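Trainee: Hey, dropping protein39.cif in here, mmCIF, C-alpha atoms and all ligand atoms:
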data_my_file
loop_
_atom_site.label_atom_id
_atom_site.label_comp_id
_atom_site.auth_asym_id
_atom_site.auth_seq_id
_atom_site.Cartn_x
_atom_site.Cartn_y
_atom_site.Cartn_z
CA MET Q 1 154.46 -58.04 -115.29
CA GLN Q 2 157.42 -57.18 -113.05
CA GLU Q 3 160.72 -59.00 -113.63
CA PRO Q 4 161.48 -61.50 -110.85
CA VAL Q 5 164.11 -60.24 -108.40
CA PHE Q 6 167.58 -61.65 -109.10
CA ASN Q 7 168.52 -64.14 -106.42
CA PHE Q 8 172.05 -65.53 -106.29
CA GLU Q 9 170.79 -68.71 -104.68
CA ASN Q 10 168.91 -69.56 -107.89
CA VAL Q 11 172.02 -69.38 -110.07
CA ARG Q 12 172.55 -72.89 -111.47
CA LYS Q 13 174.62 -72.13 -114.58
CA ILE Q 14 177.49 -69.64 -114.85
CA LEU Q 15 179.17 -68.75 -118.14
CA VAL Q 16 182.65 -67.28 -117.99
CA ALA Q 17 184.15 -65.75 -121.11
CA ALA Q 18 187.93 -65.89 -121.24
CA ASP Q 19 190.26 -64.44 -123.85
CA GLY Q 20 193.58 -65.27 -122.18
CA SER Q 21 194.04 -61.74 -120.79
CA ASP Q 22 194.81 -61.01 -117.11
CA CYS Q 23 191.41 -59.43 -116.71
CA GLY Q 24 189.69 -62.42 -118.26
CA MET Q 25 191.60 -64.61 -115.81
CA HIS Q 26 190.39 -62.50 -112.88
CA ALA Q 27 186.87 -63.01 -114.19
CA ALA Q 28 187.50 -66.76 -114.29
CA GLU Q 29 188.79 -66.77 -110.69
CA GLN Q 30 185.64 -65.00 -109.54
CA ALA Q 31 183.42 -67.31 -111.58
CA ILE Q 32 185.11 -70.37 -110.07
CA GLY Q 33 184.59 -68.98 -106.56
CA ILE Q 34 180.91 -68.32 -107.20
CA ALA Q 35 180.37 -71.73 -108.86
CA LYS Q 36 181.92 -73.40 -105.83
CA LEU Q 37 179.89 -71.35 -103.36
CA LEU Q 38 176.61 -72.02 -105.12
CA ASP Q 39 177.45 -75.55 -106.29
CA ALA Q 40 176.57 -74.31 -109.78
CA GLN Q 41 177.65 -75.51 -113.22
CA LEU Q 42 180.56 -73.59 -114.75
CA ILE Q 43 180.81 -73.21 -118.51
CA VAL Q 44 184.01 -71.72 -119.93
CA VAL Q 45 183.98 -70.18 -123.40
CA TYR Q 46 186.81 -68.87 -125.57
CA VAL Q 47 185.87 -67.40 -128.93
CA VAL Q 48 188.28 -67.52 -131.85
CA ASP Q 49 187.71 -64.01 -133.20
CA GLU Q 50 186.98 -64.46 -136.92
CA ILE Q 51 186.69 -60.75 -137.66
CA ALA Q 52 190.13 -60.11 -136.15
CA LEU Q 53 191.53 -63.01 -138.17
CA ASP Q 54 190.11 -61.57 -141.39
CA GLN Q 55 191.33 -58.06 -140.65
CA VAL Q 56 194.81 -58.80 -139.38
CA PHE Q 57 196.09 -61.63 -141.55
CA LYS Q 58 196.74 -62.05 -145.25
CA VAL Q 59 194.67 -64.79 -146.92
CA SER Q 60 197.78 -66.98 -147.15
CA GLU Q 61 198.43 -66.71 -143.39
CA ARG Q 62 194.87 -66.95 -142.17
CA ASP Q 63 194.50 -70.73 -141.77
CA GLU Q 64 197.74 -71.00 -139.84
CA ALA Q 65 196.75 -68.06 -137.63
CA GLU Q 66 193.36 -69.66 -136.93
CA LYS Q 67 195.05 -72.92 -135.86
CA GLU Q 68 197.32 -70.94 -133.57
CA LEU Q 69 194.38 -69.05 -132.00
CA LYS Q 70 192.54 -72.33 -131.43
CA LYS Q 71 195.57 -73.66 -129.57
CA VAL Q 72 195.75 -70.49 -127.46
CA GLY Q 73 192.04 -70.81 -126.72
CA GLN Q 74 192.28 -74.47 -125.77
CA ARG Q 75 195.23 -73.76 -123.46
CA CYS Q 76 193.28 -70.93 -121.84
CA ILE Q 77 190.23 -73.17 -121.34
CA ASN Q 78 192.34 -76.05 -119.97
CA TYR Q 79 194.06 -73.74 -117.49
CA ILE Q 80 190.74 -72.46 -116.14
CA LEU Q 81 189.32 -76.00 -115.91
CA GLU Q 82 192.42 -77.08 -113.96
CA GLN Q 83 192.02 -74.15 -111.57
CA ALA Q 84 188.34 -75.01 -111.10
CA LYS Q 85 189.21 -78.65 -110.31
CA LYS Q 86 191.83 -77.49 -107.80
CA GLU Q 87 189.12 -75.44 -106.13
CA CYS Q 88 187.08 -78.64 -105.97
CA VAL Q 89 184.41 -77.65 -108.48
CA LYS Q 90 183.00 -81.06 -109.46
CA ASN Q 91 184.09 -82.48 -112.85
CA THR Q 92 180.47 -83.06 -113.75
CA SER Q 93 179.79 -79.34 -113.23
CA LEU Q 94 182.40 -78.24 -115.77
CA LEU Q 95 181.90 -77.63 -119.47
CA ALA Q 96 184.16 -76.00 -122.05
CA LYS Q 97 183.35 -74.43 -125.41
CA LEU Q 98 185.82 -73.33 -128.05
CA ALA Q 99 183.62 -71.20 -130.30
CA LYS Q 100 184.35 -69.26 -133.50
CA GLY Q 101 182.83 -66.00 -134.76
CA ARG Q 102 182.30 -62.55 -133.24
CA PRO Q 103 183.11 -62.89 -129.55
CA PHE Q 104 180.08 -61.01 -128.17
CA GLU Q 105 177.66 -62.82 -130.51
CA GLN Q 106 179.00 -66.24 -129.56
CA ILE Q 107 178.94 -65.45 -125.83
CA VAL Q 108 175.35 -64.16 -125.98
CA HIS Q 109 174.27 -67.06 -128.24
CA LEU Q 110 175.69 -69.62 -125.82
CA ALA Q 111 174.08 -67.87 -122.86
CA LYS Q 112 170.68 -68.13 -124.59
CA GLN Q 113 171.21 -71.66 -125.85
CA LEU Q 114 172.30 -73.04 -122.47
CA LYS Q 115 169.88 -70.91 -120.43
CA ILE Q 116 172.72 -69.37 -118.44
CA ASP Q 117 171.80 -67.59 -115.19
CA LEU Q 118 174.92 -65.40 -114.87
CA ILE Q 119 177.67 -64.33 -117.28
CA VAL Q 120 181.07 -63.34 -115.87
CA ILE Q 121 183.45 -61.25 -118.00
CA GLY Q 122 186.41 -58.91 -117.51
CA THR Q 123 186.24 -55.15 -117.99
CA HIS Q 124 189.12 -55.41 -120.44
CA GLY Q 125 190.70 -58.04 -122.61
CA GLN Q 126 193.78 -58.59 -124.74
CA ARG Q 127 193.71 -55.15 -126.34
CA ARG Q 128 193.28 -53.08 -123.15
CA ALA Q 129 193.32 -49.68 -124.85
CA GLU Q 130 194.54 -46.83 -122.62
CA ARG Q 131 191.81 -44.89 -120.79
CA VAL Q 132 188.99 -47.03 -122.13
CA LEU Q 133 186.63 -47.77 -119.25
CA ILE Q 134 185.41 -51.06 -120.65
CA GLY Q 135 186.20 -53.07 -123.80
CA SER Q 136 183.87 -53.43 -126.76
CA VAL Q 137 183.15 -57.14 -126.21
CA ALA Q 138 182.22 -56.46 -122.58
CA GLN Q 139 179.96 -53.57 -123.69
CA LYS Q 140 178.11 -55.65 -126.25
CA VAL Q 141 177.70 -58.62 -123.92
CA ILE Q 142 176.11 -56.33 -121.32
CA GLU Q 143 173.85 -54.84 -124.00
CA TYR Q 144 172.58 -58.13 -125.46
CA ALA Q 145 172.87 -60.65 -122.60
CA PRO Q 146 169.69 -62.53 -121.68
CA CYS Q 147 170.74 -62.59 -118.00
CA PRO Q 148 172.69 -60.54 -115.43
CA VAL Q 149 176.37 -59.91 -116.20
CA LEU Q 150 179.12 -59.64 -113.60
CA VAL Q 151 181.98 -57.47 -114.89
CA VAL Q 152 185.26 -58.06 -113.10
CA LYS Q 153 188.20 -55.61 -112.92
N1 LIG U 201 187.54 -63.82 -127.84
C1 LIG U 201 186.97 -63.84 -126.64
N2 LIG U 201 186.49 -65.00 -126.12
C2 LIG U 201 185.91 -65.05 -124.90
N3 LIG U 201 185.78 -63.96 -124.11
C3 LIG U 201 186.21 -62.78 -124.56
C4 LIG U 201 186.82 -62.65 -125.84
N4 LIG U 201 187.17 -61.35 -126.01
C5 LIG U 201 186.80 -60.70 -124.89
N5 LIG U 201 186.22 -61.55 -124.01
C6 LIG U 201 185.67 -61.24 -122.67
O1 LIG U 201 185.37 -59.86 -122.61
C7 LIG U 201 186.19 -59.21 -121.61
C8 LIG U 201 186.52 -57.82 -122.09
O2 LIG U 201 187.33 -57.88 -123.26
P1 LIG U 201 187.21 -56.82 -124.45
O3 LIG U 201 187.61 -57.54 -125.70
O4 LIG U 201 185.88 -56.16 -124.39
O5 LIG U 201 188.30 -55.72 -124.05
P2 LIG U 201 189.63 -55.23 -124.82
O6 LIG U 201 190.28 -56.39 -125.51
O7 LIG U 201 190.45 -54.50 -123.80
O8 LIG U 201 189.06 -54.19 -125.85
P3 LIG U 201 188.65 -54.34 -127.41
O9 LIG U 201 188.63 -55.80 -127.77
O10 LIG U 201 187.29 -53.70 -127.47
O11 LIG U 201 189.66 -53.56 -128.13
C9 LIG U 201 187.40 -60.16 -121.42
O12 LIG U 201 188.01 -60.01 -120.13
C10 LIG U 201 186.71 -61.50 -121.55
O13 LIG U 201 185.99 -61.81 -120.36
MG MG U 202 189.28 -57.63 -126.91
#
Take the structure from the file and write it as structure tokens.

Mentor:
Amino acid sequence: MQEPVFNFENVRKILVAADGSDCGMHAAEQAIGIAKLLDAQLIVVYVVDEIALDQVFKVSERDEAEKELKKVGQRCINYILEQAKKECVKNTSLLAKLAKGRPFEQIVHLAKQLKIDLIVIGTHGQRRAERVLIGSVAQKVIEYAPCPVLVVK
């Protein structure tokens, strides 16, 4: 059977993945604008990157680093929620998730679990390697997402 044609008007739930980077913030701005336009629910997710924590920090520093990343994530989420409220997205339409694990897995898992209609992500994130067209989290989300993905520069 043919896939149904994607229709913006049917988008009820939008998931925006934010990592605190400028590009992630651009993605959030776009997601807020679309949520407002379509009167859709906006779910904001920040993933505390467990693999990065394990690779970068010594065992003795890891717990402290995780606490710090959670704070960064919560601040990032709160900022986006504030922006959404300023843009008059209804409180009842806003949801925030501070997840933990591999970022792409958590984003895709949440999209499946919440039956998300559209994922919004940035092309790049915190690392923003020179001359890389698109980051690895963005690539994997596009590959495994259960729904269309809007990638914002
Ligand atoms: N930890 C995270 N939590 C939520 N969203 C994330 C996270 N990491 C990345 N993203 C989303 O994916 C987008 C692209 O980031 P990505 O991590 O792929 O690029 P990068 O950091 O430049 O490169 P890489 O991580 O591959 O070295 C971000 O703008 C954001 O929307
Ligand atoms: Mg990254």

Trainee: If you measure from atom P2 of ligand LIG 201 (chain U) to atom CA of Q:His124, what distance in Å do you get, rounded to one decimal?

Mentor: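 Distance between the two atoms: 4.4 Å.
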
Trainee: Just how far from atom CA of Q:Val56 is atom O5 of ligand LIG 201 (chain U), in Å to one decimal?

Mentor: 16.9 Å

Trainee: For atom CA of Q:Lys112 and atom CA of Q:Ala145, determine how far apart the two atoms are, in Å to one decimal place.

Mentor: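 That distance, rounded to one decimal, is 8.0 Å.
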
Trainee: So which residues are close to (187.4, -59.6, -116.0), meaning at most 7 Å away in the file's coordinates with all atoms listed in the file counted, and can you show them as a list of chain:residue names?

Mentor: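 Nearby residues: Q:Cys23, Q:Gly24, Q:Met25, Q:His26, Q:Ala27, Q:Ile121, Q:Gly122, Q:Thr123, Q:His124, Q:Val151, Q:Val152, Q:Lys153.
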
Trainee: Which residues, written as a ChimeraX atom specification, have at least one atom at most 8 Å from Q:Lys70, with all atoms listed in the file counted and residues fewer than 4 positions away on the same chain left out?

Mentor: /Q:48,66,74,98

Trainee: Take every atom of ligand LIG 201 (chain U) listed in the file, fit an axis-aligned box around them, add 6 Å per side, and give the centre and edge lengths in Å to one decimal as AutoDock Vina command-line options.

Mentor:
--center_x 187.9 --center_y -59.3 --center_z -124.1 --size_x 17.1 --size_y 23.5 --size_z 20.0

Trainee: Can you tell me which residues surround Q:Pro146 at a distance of at most 12 Å, considering all atoms listed in the file, apart from same-chain residues fewer than 5 positions away, and format the answer as a VMD selection string?

Mentor: chain Q and resid 15 105 107 to 119 140 to 141

Trainee: Which residue, Q:Ser93, Q:Gln83, Q:Asn7, Q:Gln106, has the smallest gap to ligand LIG 201 (chain U) when you use only C-alpha atoms and all ligand atoms?

Mentor: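 Smallest distance to ligand LIG 201 (chain U) is found for Q:Gln106.
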
Trainee: Have a look at Q:Lys90, Q:Lys58, Q:Lys71, Q:Lys100 and name the one nearest to ligand LIG 201 (chain U); count only C-alpha atoms and all ligand atoms.

Mentor: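 Of Q:Lys90, Q:Lys58, Q:Lys71, Q:Lys100, the one nearest ligand LIG 201 (chain U), counting only C-alpha atoms and all ligand atoms, is Q:Lys100.
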
Trainee: In terms of the shortest atom-to-atom distance over all atoms listed in the file, which of Q:Ala28, Q:Ala17, Q:Cys147, Q:Ile34 is closest to ligand MG 202 (chain U)?

Mentor: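 Under the stated criterion, the closest residue is Q:Ala17.
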
Trainee: Calculated over all atoms listed in the file, which of the candidates Q:Asp49, Q:Pro103, Q:Phe57, Q:Val120 has the smallest distance to Q:Ser136?

Mentor: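 Among Q:Asp49, Q:Pro103, Q:Phe57, Q:Val120, it is Q:Pro103 that comes nearest to Q:Ser136.
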
Trainee: Need to verify the contact set: Q:Lys97, 8 Å, all atoms listed in the file, exclusion of same-chain residues closer than 4 positions in sequence. Can you return it as a PyMOL selection string?

Mentor: chain Q and resi 43-46

Trainee: Please check which protein, DNA or RNA residues sit within 7 Å of ligand MG 202 (chain U), counting only C-alpha atoms and all ligand atoms, and write them as an MDAnalysis selection string.

Mentor: chainID Q and resid 124:127 135:137

Trainee: Of the candidates Q:Ile14, Q:Thr92, Q:Ala99, Q:Gln30, which one gets nearest to Q:Leu69 if we count all atoms listed in the file?

Mentor: Q:Ala99
